Amino acid sequence: MIKPEFRHILAALLTGLLAANSLAADWQINTLMQQLALSKSGHASFVEKKYIGIVDKPVVSSGELFFTAPDKLEKRTLKPRAESLVLDGQRLTIDRPDKARLSLNLQDYPEAAAFVESIRGTLAGDKSALEKVYRLTLNGTQEKWQLILLPKYSRMSDLVSRIVVNGTQGEIRRIDFDLPDGDRSEMLVTKVAAQ
Amino acid sequence: MNRRLLPLALWFLALAACIAVIAQTRFVADLTAFMPRAPNARQQMLIEQLRDGIIARLIMVGIEGGDAAERARLSRELAARLRTDPAFIGVQNGEAATEARDRAYFFDNRYLLSPAVTAERFSAEGLQGAIERSLEALSGNAGLMLKKLLPHDPTGETLSLLEQFSGDNHPRQLEGAWASRDGTRALLLIQTGAEGSDTDAQARALDSIRSAFAHIPGRAADTRLLMSGTSVMSVASRERIQGDIHRLALFSTVLVIGLLLTIYRSPRLLILGLLPVASGVLAGVSAVSLSFGNIHGLTLAFGSTLIGESVDYSIYLFIQRAAGIEARRFWRTMGLGVLCSLAGFSVLLVSGFPGLAQLGVYSIAGLIAAALTARYVLPGLMPQQLKLRDLAGPARQVDRAFRFARHLRPLLLVAVVSAGVWVAWQGDAIWNRQLNALSPVTPAEQALDLSLRNEMGAPDMRYIAALAAPDSETALQAAEALGAVLQAQVAAGKLAGFTSPAQFLPSQQVQAARRAALPDEATLRARLAKALRDQPIQPARLEGFITDVQNTRQHALLTRKDLAGTSAALGVDSLLVQRAHDVLVLVPLRAPAGQELIDIPALDAAIHAAGLKEVTVLDILEESTSLFSSYLNEAKLLVGGGMLVIFLLLLFALRSLPRALRATAPLACAVIGVTAGLLLCGITLTILHLIGLLLVVAIGRNYTLFFDAGSHTGNPAQQRQVQISIVVANLTAVGSFGVLALSEVPVLSYLGSTVGPGTFLALVSAAILASKAPADAHAD
């Protein structure tokens with residue numbers, strides 16, 4: 001019973017802190033975004049662990065990520081079950097073996113759009129795209145930075161309460177999604193090659 | 001005395017009988033009369049069903065103007081108002097409430113609805129496999145969304161039943177209501193309670209929607225309501241047709257009366273002259289009513305064509321009799337003329353177009369009645385000494401014009417030959433094979449319909465598998481059997497998917513089998529414990545699953561009532577159609593992705609191999625296009641045949657090939673000339689143009705006949721009277737058909753623009769080609 005109120009207070013505190021912090025941090029975010037925007041394409045492997053309340057152990061999956069600036073992102077899950085997710089412009093395509101291809105226009109699914117934009121926008125260093133749906137905070141140093149994305153609107157915050165991106169220089173190392181019900185997922189990213 | 005009174009008495013009796021029939025006649029104005037009828041009764045039934053059935057009860061609504069939030073508010077307000085109106089049985093606009101009811105229906109009833117529910121799935125091994133797959137699915141991109149389902153639905157039934165609908169398009173959501181893809185329109189889908197064929201009720205429903213929209217409080221003035229759908233088009237075309245009928249009837253009546261008054265200068269002769277017309281109209285309407293059970297508005301509009309033809313009888317009679325032309329001769333010429341007209345119109349009787357067949361019956365009955373009235377009633381009523389206005393002056397002018405016209409013969413021959421060569425050179429390009437060429441729906445209305453339909457994601461209903469069964473339970477069972485075959489086709493990539501009413505509401509038999517597959521609580525607990533032994537999930541976490549399964553076991557099976565308030569209700573109602581004696585099942589098919597066509601013969605073979613003989617697979621587009629094409633060919637044959645019959649009649653009556661050829665040459669000139677003229681104006685020929693050409697021949701031969709007859713009278717004054725009577729008759733025909741050409745309804749304007757100029761050309765050609773008139777020889 002106390003929990004929701006507690007979260008409210010925490011959110012209020014956080015917002016206050018962020019507001020105070022934002023002036024100082026703004027140029028840092030800009031710098032980080034410029035640095036991220038430098039890499040025009042990337043290829044990385046990932047391991048994703050989902051911590052889900054009713055399942056006793058983390059649900060693990062792994063595969064590869066491909067990014068081509070400005071707006072093409074491919075997430076190719078290889079284990080335990082193959083699945084390919086391609087985001088190209090406004091079109092999201094999901095392919096699974098033995099299933100019909102699923103193809104969506106992101107304009108029709110604003111929540112899904114916000115979700116994938118958090119990764120794509122960070123990779124592309126697209127600050128304005130991120131700020132459409134998230135409040136941004138940057139902590140740490142250039143060597144070990146942490147970008148926190150907090151959803152601006154309730155429709156989005158019902159799905160995800162916080163996204164934390166960790167990285168070094170122009171590289172992303174880890175992305176965490178925190179869900180309102182306490183479940184979460186963490187994705188570790190290891191660079192394979194870059195041009 | 002008796003010889004004069006008997007025809008009059010019979011005539012009165014006949015008129016009274018006609019009026020009695022007409023009083024009982026139903027007047028209709030739907031769209032279908034001028035669409036071809038399918039050769040196969042079953043296909044015909046299906047096409048009608050699609051056109052008039054549930055699809056015709058759907059009204060697509062768009063709201064434009066204002067901003068997205070305002071449009072969504074208007075959408076919700078409009079929907080709320082219409083939902084309280086019993087005239088509407090369904091209003092969908094993507095509101096959260098309906099979406100929530102939809103989700104609740106599918107989620108709460110998943111163990112009755114999911115095709116995966118079998119006894120094997122609820123064995124320990126089945127449960128273990130299903131749960132393993134659900135856990136595996138958590139690793140995918142949608143994992144964090146799917147996990148919410150897991151505690152209540154560890155076997156993934158919700159997903160497997162929703163997968164059936166993948167590929168279905170829905171409008172996007174904007175501010176809590178459906179919106180077009182570009183977000184500039186709010187969208188609603190409304191289902192009326194009244195039948196689509198009940199145009200009056202549909203018109204009232206459309207008015208209710210407009211008035212509900214207009215009365216929403218605080219509505220910004222720049223917001224607009226758009227509506228489309230079969231019923232919207234039917235109502236609009238009916239209004240257009242009715243407006244046209246009134247206008248045309250008024251125009252041609254005024255025209256003909258004015259013309260007759262100018263010539264006769266006698267109200268008595270005017271009224272007498274209109275008697276054959278009035279008798280013809282009455283006889284025509286009652287004949288159609290008796291043979292078809294109703295009369296179409298368009299048939300009535302053709303009344304003016306009948307006026308154009310039958311008023312000629314009295315014109316010939318009065319003018320030629322006044323000139324003292326021998327009665328027997330005159331009646332023989334006119335009788336032959338009537339026979340030719342009847343031969344022309346009787347071709348329409350065998351037409352595949354119900355509207356044209358009505359027109360044939362109407363014209364034949366009308367012409368016979370008009371001719372009989374002119375022959376037996378008029379002579380008894382008209383004054384013994386006809387005192388016509390002296391037409392000698394105009395007659396002389398006409399004669400001079402005709403004599404001059406003969407000098408144009410070489411010019412006419414050159415023009416006709418070159419026009420003929422030009423038309424022949426264009427070959428097949430002169431025919432219009434477009435399906436909607438005859439439709440009274442305007443291009444703007446068609447464009448709006450297409451755009452709303454696309455935005456709505458409504459199935460285009462091009463490919464349909466259909467079957468009929470005695471009641472809805474057997475119909476649903478048959479739909480399930482068909483669904484199994486179609487599912488195999490989907491798995492093989494031959495289809496993208498299909499929508500069956502059984503997906504929303506399975507048959508009681510299948511529901512009962514699924515319910516029977518669910519184990520009781522103790523058994524389920526035991527099996528679940530076994531299934532979860534090696535899984536990272538505790539049985540205690542799945543209490544919701546056990547409760548839900550037990551709930552389904554104790555609950556009644558689903559019926560149509562349980563769908564109330566969901567969008568699935570519309571799905572079931574449109575695809576499971578209650579008819580007078582049976583239930584029709586429609587299963588729209590979706591072509592594989594990236595492919596527009598479905599291989600129907602292969603699909604037919606697969607369906608028949610499964611022993612489902614009653615299923616018909618239709619390609620509605622192909623069906624209608626090929627029908628249309630075949631009817632164009634049919635019309636070519638009929639019109640050609642009609643022209644041949646007219647020629648043979650002339651040949652038989654004139655007993656001379658040269659005379660018959662001379663009598664038909666002007667008609668050939670008129671047909672070629674008017675065809676070339678239409679093509680020059682960029683108009684390609686439809687069936688109605690063909691019929692129009694036949695009418696040109698049927699009406700035009702009167703002129704050539706009288707010219708021919710006139711050329712064999714020895715009296716120049718009489719001949720001039722014949723000529724002036726022909727000119728007057730021609731003016732009435734050109735006038736009444738010319739008025740038709742102004743109609744907004746394509747069927748009417750096509751006929752008018754063919755027959756008006758055609759009859760005029762026929763007269764001019766007849767004058768030019770007339771043999772050296774004895775008027776020259778016996779110059780006075």
# chains A, B, ... in the order shown; residues from 1 in each chain; ligands from 1
call {"tool": "residues_around", "arguments": {"residues": "Asp183 (chain A)", "least_positions_apart": "3", "cutoff": "9 Å", "atoms": "only C-alpha atoms", "output": "number ranges by chain"}}
result
A: 50-53, 177-180; B: 144
call {"tool": "interface_residues", "arguments": {"of": "chain B", "to": "chain A", "cutoff": "6 Å", "atoms": "only C-alpha atoms", "output": "PDB file with C-alpha atoms, in the first residue's frame"}}
result
ATOM      1  CA  SER B 139      13.122 -14.635 -24.876  1.00  0.00           C
ATOM      2  CA  ARG B 172      -4.748   3.298 -36.302  1.00  0.00           C
ATOM      3  CA  PRO B 536      11.842 -22.581 -13.891  1.00  0.00           C
ATOM      4  CA  ILE B 537       8.326 -21.798 -12.767  1.00  0.00           C
TER       5      ILE B 537
END
call {"tool": "residues_around", "arguments": {"residues": "region 114-123 of chain B", "least_positions_apart": "2", "cutoff": "8 Å", "atoms": "only C-alpha atoms", "output": "PDB file with N, CA and C atoms, in the first residue's frame"}}
result
ATOM      1  N   ARG B 110     -10.871 -18.016 -23.973  1.00  0.00           N
ATOM      2  CA  ARG B 110      -9.808 -18.577 -24.813  1.00  0.00           C
ATOM      3  C   ARG B 110      -9.850 -20.093 -24.882  1.00  0.00           C
ATOM      4  N   TYR B 111     -10.348 -20.748 -23.840  1.00  0.00           N
ATOM      5  CA  TYR B 111     -10.335 -22.222 -23.878  1.00  0.00           C
ATOM      6  C   TYR B 111     -11.470 -22.787 -24.727  1.00  0.00           C
ATOM      7  N   LEU B 112     -12.447 -21.942 -25.056  1.00  0.00           N
ATOM      8  CA  LEU B 112     -13.493 -22.377 -25.992  1.00  0.00           C
ATOM      9  C   LEU B 112     -13.151 -21.943 -27.416  1.00  0.00           C
ATOM     10  N   GLU B 125       2.234 -34.097 -20.603  1.00  0.00           N
ATOM     11  CA  GLU B 125       3.238 -33.859 -21.652  1.00  0.00           C
ATOM     12  C   GLU B 125       2.840 -32.647 -22.492  1.00  0.00           C
ATOM     13  N   GLY B 126       1.542 -32.576 -22.824  1.00  0.00           N
ATOM     14  CA  GLY B 126       1.052 -31.461 -23.636  1.00  0.00           C
ATOM     15  C   GLY B 126       1.274 -30.137 -22.925  1.00  0.00           C
ATOM     16  N   LEU B 127       0.943 -30.132 -21.623  1.00  0.00           N
ATOM     17  CA  LEU B 127       1.122 -28.904 -20.846  1.00  0.00           C
ATOM     18  C   LEU B 127       2.594 -28.521 -20.809  1.00  0.00           C
ATOM     19  N   ALA B 130       3.642 -27.022 -24.135  1.00  0.00           N
ATOM     20  CA  ALA B 130       3.057 -25.699 -24.363  1.00  0.00           C
ATOM     21  C   ALA B 130       3.731 -24.664 -23.470  1.00  0.00           C
ATOM     22  N   GLU B 157      -2.778 -19.827 -25.192  1.00  0.00           N
ATOM     23  CA  GLU B 157      -3.989 -19.928 -26.035  1.00  0.00           C
ATOM     24  C   GLU B 157      -4.365 -18.573 -26.634  1.00  0.00           C
ATOM     25  N   THR B 158      -4.215 -17.509 -25.861  1.00  0.00           N
ATOM     26  CA  THR B 158      -4.599 -16.181 -26.375  1.00  0.00           C
ATOM     27  C   THR B 158      -3.841 -15.891 -27.662  1.00  0.00           C
ATOM     28  N   SER B 160      -2.403 -18.088 -29.700  1.00  0.00           N
ATOM     29  CA  SER B 160      -2.702 -18.944 -30.846  1.00  0.00           C
ATOM     30  C   SER B 160      -4.048 -18.595 -31.445  1.00  0.00           C
ATOM     31  N   LEU B 161      -4.971 -18.043 -30.658  1.00  0.00           N
ATOM     32  CA  LEU B 161      -6.236 -17.671 -31.304  1.00  0.00           C
ATOM     33  C   LEU B 161      -6.127 -16.308 -31.978  1.00  0.00           C
ATOM     34  N   ALA B 513     -16.526 -29.950 -27.439  1.00  0.00           N
ATOM     35  CA  ALA B 513     -15.359 -30.828 -27.487  1.00  0.00           C
ATOM     36  C   ALA B 513     -14.179 -30.178 -26.766  1.00  0.00           C
ATOM     37  N   ARG B 514     -14.005 -28.872 -26.967  1.00  0.00           N
ATOM     38  CA  ARG B 514     -12.902 -28.181 -26.291  1.00  0.00           C
ATOM     39  C   ARG B 514     -13.127 -28.171 -24.784  1.00  0.00           C
ATOM     40  N   ALA B 516     -14.805 -30.294 -23.085  1.00  0.00           N
ATOM     41  CA  ALA B 516     -14.618 -31.654 -22.569  1.00  0.00           C
ATOM     42  C   ALA B 516     -13.141 -32.009 -22.457  1.00  0.00           C
ATOM     43  N   ALA B 517     -12.290 -31.310 -23.214  1.00  0.00           N
ATOM     44  CA  ALA B 517     -10.853 -31.612 -23.163  1.00  0.00           C
ATOM     45  C   ALA B 517     -10.201 -31.043 -21.902  1.00  0.00           C
ATOM     46  N   LEU B 518     -10.916 -30.154 -21.190  1.00  0.00           N
ATOM     47  CA  LEU B 518     -10.323 -29.519 -20.014  1.00  0.00           C
ATOM     48  C   LEU B 518     -10.473 -30.441 -18.805  1.00  0.00           C
ATOM     49  N   PRO B 519      -9.372 -30.749 -18.100  1.00  0.00           N
ATOM     50  CA  PRO B 519      -9.455 -31.656 -16.957  1.00  0.00           C
ATOM     51  C   PRO B 519     -10.029 -30.962 -15.715  1.00  0.00           C
ATOM     52  N   LEU B 524      -5.913 -31.449 -13.155  1.00  0.00           N
ATOM     53  CA  LEU B 524      -5.098 -30.390 -13.752  1.00  0.00           C
ATOM     54  C   LEU B 524      -3.911 -30.055 -12.846  1.00  0.00           C
ATOM     55  N   ARG B 527      -1.332 -32.811 -13.139  1.00  0.00           N
ATOM     56  CA  ARG B 527      -0.609 -32.789 -14.425  1.00  0.00           C
ATOM     57  C   ARG B 527       0.314 -31.583 -14.510  1.00  0.00           C
TER      58      ARG B 527
END
call {"tool": "atom_distance", "arguments": {"atom1": "CA of Pro501 (chain B)", "atom2": "CA of Leu586 (chain B)"}}
result
7.9 Å
call {"tool": "atom_distance", "arguments": {"atom1": "CA of Tyr750 (chain B)", "atom2": "CA of His689 (chain B)"}}
result
5.8 Å
call {"tool": "select_by_dssp", "arguments": {"residues": "region 2-175 of chain A", "states": "helix (DSSP H, G or I)", "output": "count of residues only"}}
result
66
call {"tool": "residues_around", "arguments": {"residues": "region 116-123 of chain A", "least_positions_apart": "4", "cutoff": "9 Å", "atoms": "only C-alpha atoms", "output": "PyMOL selection string"}}
result
chain A and resi 33+36-37+39+42+67+69-73+87+111-112+127-130+133-134+149+163+165+170-172+175
call {"tool": "write_last_selection", "arguments": {"atoms": "N, CA and C atoms", "output": "PDB file, in the first residue's frame"}}
result
ATOM      1  N   MET A  33      26.054  12.927 -27.651  1.00  0.00           N
ATOM      2  CA  MET A  33      25.252  12.666 -28.841  1.00  0.00           C
ATOM      3  C   MET A  33      26.103  12.849 -30.107  1.00  0.00           C
ATOM      4  N   LEU A  36      28.299   9.882 -30.393  1.00  0.00           N
ATOM      5  CA  LEU A  36      27.549   8.698 -30.840  1.00  0.00           C
ATOM      6  C   LEU A  36      27.236   8.801 -32.331  1.00  0.00           C
ATOM      7  N   ALA A  37      26.933  10.027 -32.764  1.00  0.00           N
ATOM      8  CA  ALA A  37      26.522  10.208 -34.159  1.00  0.00           C
ATOM      9  C   ALA A  37      27.667   9.996 -35.132  1.00  0.00           C
ATOM     10  N   SER A  39      29.741   7.430 -35.439  1.00  0.00           N
ATOM     11  CA  SER A  39      29.818   6.106 -36.078  1.00  0.00           C
ATOM     12  C   SER A  39      28.600   5.916 -36.976  1.00  0.00           C
ATOM     13  N   GLY A  42      27.446   0.070 -37.325  1.00  0.00           N
ATOM     14  CA  GLY A  42      28.055  -0.715 -36.270  1.00  0.00           C
ATOM     15  C   GLY A  42      27.544  -2.139 -36.296  1.00  0.00           C
ATOM     16  N   PHE A  67      23.661  -1.772 -37.017  1.00  0.00           N
ATOM     17  CA  PHE A  67      23.092  -0.423 -37.116  1.00  0.00           C
ATOM     18  C   PHE A  67      23.679   0.308 -38.307  1.00  0.00           C
ATOM     19  N   ALA A  69      23.488   4.185 -39.907  1.00  0.00           N
ATOM     20  CA  ALA A  69      22.920   5.518 -39.731  1.00  0.00           C
ATOM     21  C   ALA A  69      22.134   5.897 -40.992  1.00  0.00           C
ATOM     22  N   PRO A  70      21.098   6.680 -40.927  1.00  0.00           N
ATOM     23  CA  PRO A  70      20.605   7.255 -39.691  1.00  0.00           C
ATOM     24  C   PRO A  70      19.546   6.420 -38.981  1.00  0.00           C
ATOM     25  N   ASP A  71      18.866   5.489 -39.707  1.00  0.00           N
ATOM     26  CA  ASP A  71      17.670   4.942 -39.044  1.00  0.00           C
ATOM     27  C   ASP A  71      17.426   3.453 -39.276  1.00  0.00           C
ATOM     28  N   LYS A  72      18.482   2.705 -39.613  1.00  0.00           N
ATOM     29  CA  LYS A  72      18.227   1.277 -39.796  1.00  0.00           C
ATOM     30  C   LYS A  72      18.880   0.478 -38.666  1.00  0.00           C
ATOM     31  N   LEU A  73      18.045  -0.291 -37.984  1.00  0.00           N
ATOM     32  CA  LEU A  73      18.536  -1.097 -36.876  1.00  0.00           C
ATOM     33  C   LEU A  73      18.019  -2.514 -37.060  1.00  0.00           C
ATOM     34  N   LEU A  87      14.232  -2.617 -38.058  1.00  0.00           N
ATOM     35  CA  LEU A  87      13.585  -1.321 -37.986  1.00  0.00           C
ATOM     36  C   LEU A  87      14.211  -0.452 -39.062  1.00  0.00           C
ATOM     37  N   GLU A 111       3.639   3.342 -28.818  1.00  0.00           N
ATOM     38  CA  GLU A 111       4.385   2.764 -27.692  1.00  0.00           C
ATOM     39  C   GLU A 111       5.560   1.941 -28.205  1.00  0.00           C
ATOM     40  N   ALA A 112       5.293   1.115 -29.190  1.00  0.00           N
ATOM     41  CA  ALA A 112       6.375   0.308 -29.756  1.00  0.00           C
ATOM     42  C   ALA A 112       7.440   1.225 -30.342  1.00  0.00           C
ATOM     43  N   LYS A 127      19.401  13.331 -30.467  1.00  0.00           N
ATOM     44  CA  LYS A 127      18.881  13.841 -29.199  1.00  0.00           C
ATOM     45  C   LYS A 127      17.410  14.256 -29.319  1.00  0.00           C
ATOM     46  N   SER A 128      17.079  14.902 -30.429  1.00  0.00           N
ATOM     47  CA  SER A 128      15.703  15.421 -30.526  1.00  0.00           C
ATOM     48  C   SER A 128      14.691  14.277 -30.606  1.00  0.00           C
ATOM     49  N   ALA A 129      15.059  13.169 -31.292  1.00  0.00           N
ATOM     50  CA  ALA A 129      14.148  12.026 -31.350  1.00  0.00           C
ATOM     51  C   ALA A 129      13.938  11.461 -29.949  1.00  0.00           C
ATOM     52  N   LEU A 130      15.003  11.374 -29.168  1.00  0.00           N
ATOM     53  CA  LEU A 130      14.891  10.826 -27.814  1.00  0.00           C
ATOM     54  C   LEU A 130      14.055  11.748 -26.934  1.00  0.00           C
ATOM     55  N   VAL A 133      10.058  11.690 -26.450  1.00  0.00           N
ATOM     56  CA  VAL A 133       9.349  10.816 -25.518  1.00  0.00           C
ATOM     57  C   VAL A 133      10.030  10.665 -24.161  1.00  0.00           C
ATOM     58  N   TYR A 134      11.302  11.055 -24.062  1.00  0.00           N
ATOM     59  CA  TYR A 134      12.022  10.812 -22.799  1.00  0.00           C
ATOM     60  C   TYR A 134      12.638  12.098 -22.262  1.00  0.00           C
ATOM     61  N   LEU A 149      16.959   7.469 -19.411  1.00  0.00           N
ATOM     62  CA  LEU A 149      15.795   7.916 -20.176  1.00  0.00           C
ATOM     63  C   LEU A 149      14.550   7.668 -19.343  1.00  0.00           C
ATOM     64  N   ILE A 163      14.816   3.631 -18.628  1.00  0.00           N
ATOM     65  CA  ILE A 163      15.777   2.961 -19.502  1.00  0.00           C
ATOM     66  C   ILE A 163      17.139   3.560 -19.177  1.00  0.00           C
ATOM     67  N   VAL A 165      21.172   3.556 -20.269  1.00  0.00           N
ATOM     68  CA  VAL A 165      22.158   3.132 -21.260  1.00  0.00           C
ATOM     69  C   VAL A 165      23.544   3.444 -20.694  1.00  0.00           C
ATOM     70  N   GLY A 170      32.075   6.732 -27.600  1.00  0.00           N
ATOM     71  CA  GLY A 170      30.953   6.670 -28.530  1.00  0.00           C
ATOM     72  C   GLY A 170      30.359   5.273 -28.633  1.00  0.00           C
ATOM     73  N   GLU A 171      30.572   4.440 -27.611  1.00  0.00           N
ATOM     74  CA  GLU A 171      30.130   3.052 -27.695  1.00  0.00           C
ATOM     75  C   GLU A 171      29.135   2.701 -26.598  1.00  0.00           C
ATOM     76  N   ILE A 172      28.117   1.949 -26.998  1.00  0.00           N
ATOM     77  CA  ILE A 172      27.149   1.506 -25.994  1.00  0.00           C
ATOM     78  C   ILE A 172      27.585   0.141 -25.457  1.00  0.00           C
ATOM     79  N   ILE A 175      22.326  -1.893 -22.004  1.00  0.00           N
ATOM     80  CA  ILE A 175      21.040  -1.194 -21.943  1.00  0.00           C
ATOM     81  C   ILE A 175      20.138  -1.917 -20.952  1.00  0.00           C
TER      82      ILE A 175
END
call {"tool": "atom_distance", "arguments": {"atom1": "CA of Ala177 (chain B)", "atom2": "CA of Asp158 (chain A)"}}
result
19.6 Å
call {"tool": "residues_around", "arguments": {"residues": "Phe88 (chain B)", "least_positions_apart": "4", "cutoff": "8 Å", "atoms": "only C-alpha atoms", "output": "PyMOL selection string"}}
result
chain B and resi 82-83+190-193+205
call {"tool": "closest_residue", "arguments": {"among": "A:Arg135, A:Arg174, A:Lys40, A:Lys144", "to": "Ser157 (chain A)", "atoms": "only C-alpha atoms"}}
result
A:Arg135
call {"tool": "decode", "arguments": {"residues": "region 471-487 of chain B", "atoms": "N, CA and C atoms", "output": "PDB file, in the first residue's frame"}}
result
ATOM      1  N   ASP B 471     -29.005 -24.570 -40.875  1.00  0.00           N
ATOM      2  CA  ASP B 471     -29.102 -23.734 -39.677  1.00  0.00           C
ATOM      3  C   ASP B 471     -27.714 -23.274 -39.267  1.00  0.00           C
ATOM      4  N   SER B 472     -27.639 -22.379 -38.295  1.00  0.00           N
ATOM      5  CA  SER B 472     -26.340 -21.771 -38.007  1.00  0.00           C
ATOM      6  C   SER B 472     -25.363 -22.775 -37.384  1.00  0.00           C
ATOM      7  N   GLU B 473     -25.859 -23.755 -36.614  1.00  0.00           N
ATOM      8  CA  GLU B 473     -24.939 -24.735 -36.029  1.00  0.00           C
ATOM      9  C   GLU B 473     -24.256 -25.561 -37.131  1.00  0.00           C
ATOM     10  N   THR B 474     -25.044 -26.084 -38.078  1.00  0.00           N
ATOM     11  CA  THR B 474     -24.415 -26.855 -39.162  1.00  0.00           C
ATOM     12  C   THR B 474     -23.563 -25.943 -40.039  1.00  0.00           C
ATOM     13  N   ALA B 475     -23.994 -24.678 -40.178  1.00  0.00           N
ATOM     14  CA  ALA B 475     -23.201 -23.735 -40.975  1.00  0.00           C
ATOM     15  C   ALA B 475     -21.836 -23.525 -40.329  1.00  0.00           C
ATOM     16  N   LEU B 476     -21.831 -23.360 -39.002  1.00  0.00           N
ATOM     17  CA  LEU B 476     -20.553 -23.144 -38.303  1.00  0.00           C
ATOM     18  C   LEU B 476     -19.683 -24.397 -38.377  1.00  0.00           C
ATOM     19  N   GLN B 477     -20.325 -25.561 -38.279  1.00  0.00           N
ATOM     20  CA  GLN B 477     -19.539 -26.798 -38.392  1.00  0.00           C
ATOM     21  C   GLN B 477     -18.906 -26.899 -39.776  1.00  0.00           C
ATOM     22  N   ALA B 478     -19.681 -26.543 -40.793  1.00  0.00           N
ATOM     23  CA  ALA B 478     -19.132 -26.576 -42.152  1.00  0.00           C
ATOM     24  C   ALA B 478     -18.010 -25.558 -42.293  1.00  0.00           C
ATOM     25  N   ALA B 479     -18.192 -24.392 -41.669  1.00  0.00           N
ATOM     26  CA  ALA B 479     -17.153 -23.362 -41.714  1.00  0.00           C
ATOM     27  C   ALA B 479     -15.885 -23.863 -41.042  1.00  0.00           C
ATOM     28  N   GLU B 480     -16.039 -24.664 -39.979  1.00  0.00           N
ATOM     29  CA  GLU B 480     -14.863 -25.218 -39.299  1.00  0.00           C
ATOM     30  C   GLU B 480     -14.152 -26.238 -40.182  1.00  0.00           C
ATOM     31  N   ALA B 481     -14.938 -27.061 -40.879  1.00  0.00           N
ATOM     32  CA  ALA B 481     -14.329 -28.040 -41.786  1.00  0.00           C
ATOM     33  C   ALA B 481     -13.574 -27.317 -42.900  1.00  0.00           C
ATOM     34  N   LEU B 482     -14.194 -26.250 -43.423  1.00  0.00           N
ATOM     35  CA  LEU B 482     -13.543 -25.451 -44.463  1.00  0.00           C
ATOM     36  C   LEU B 482     -12.297 -24.781 -43.888  1.00  0.00           C
ATOM     37  N   GLY B 483     -12.413 -24.282 -42.652  1.00  0.00           N
ATOM     38  CA  GLY B 483     -11.289 -23.613 -42.000  1.00  0.00           C
ATOM     39  C   GLY B 483     -10.080 -24.526 -41.901  1.00  0.00           C
ATOM     40  N   ALA B 484     -10.314 -25.827 -41.641  1.00  0.00           N
ATOM     41  CA  ALA B 484      -9.191 -26.766 -41.526  1.00  0.00           C
ATOM     42  C   ALA B 484      -8.449 -26.855 -42.854  1.00  0.00           C
ATOM     43  N   VAL B 485      -9.200 -26.908 -43.970  1.00  0.00           N
ATOM     44  CA  VAL B 485      -8.568 -26.969 -45.291  1.00  0.00           C
ATOM     45  C   VAL B 485      -7.802 -25.675 -45.560  1.00  0.00           C
ATOM     46  N   LEU B 486      -8.453 -24.557 -45.259  1.00  0.00           N
ATOM     47  CA  LEU B 486      -7.830 -23.259 -45.532  1.00  0.00           C
ATOM     48  C   LEU B 486      -6.583 -23.067 -44.679  1.00  0.00           C
ATOM     49  N   GLN B 487      -6.629 -23.561 -43.433  1.00  0.00           N
ATOM     50  CA  GLN B 487      -5.463 -23.421 -42.551  1.00  0.00           C
ATOM     51  C   GLN B 487      -4.256 -24.138 -43.162  1.00  0.00           C
TER      52      GLN B 487
END
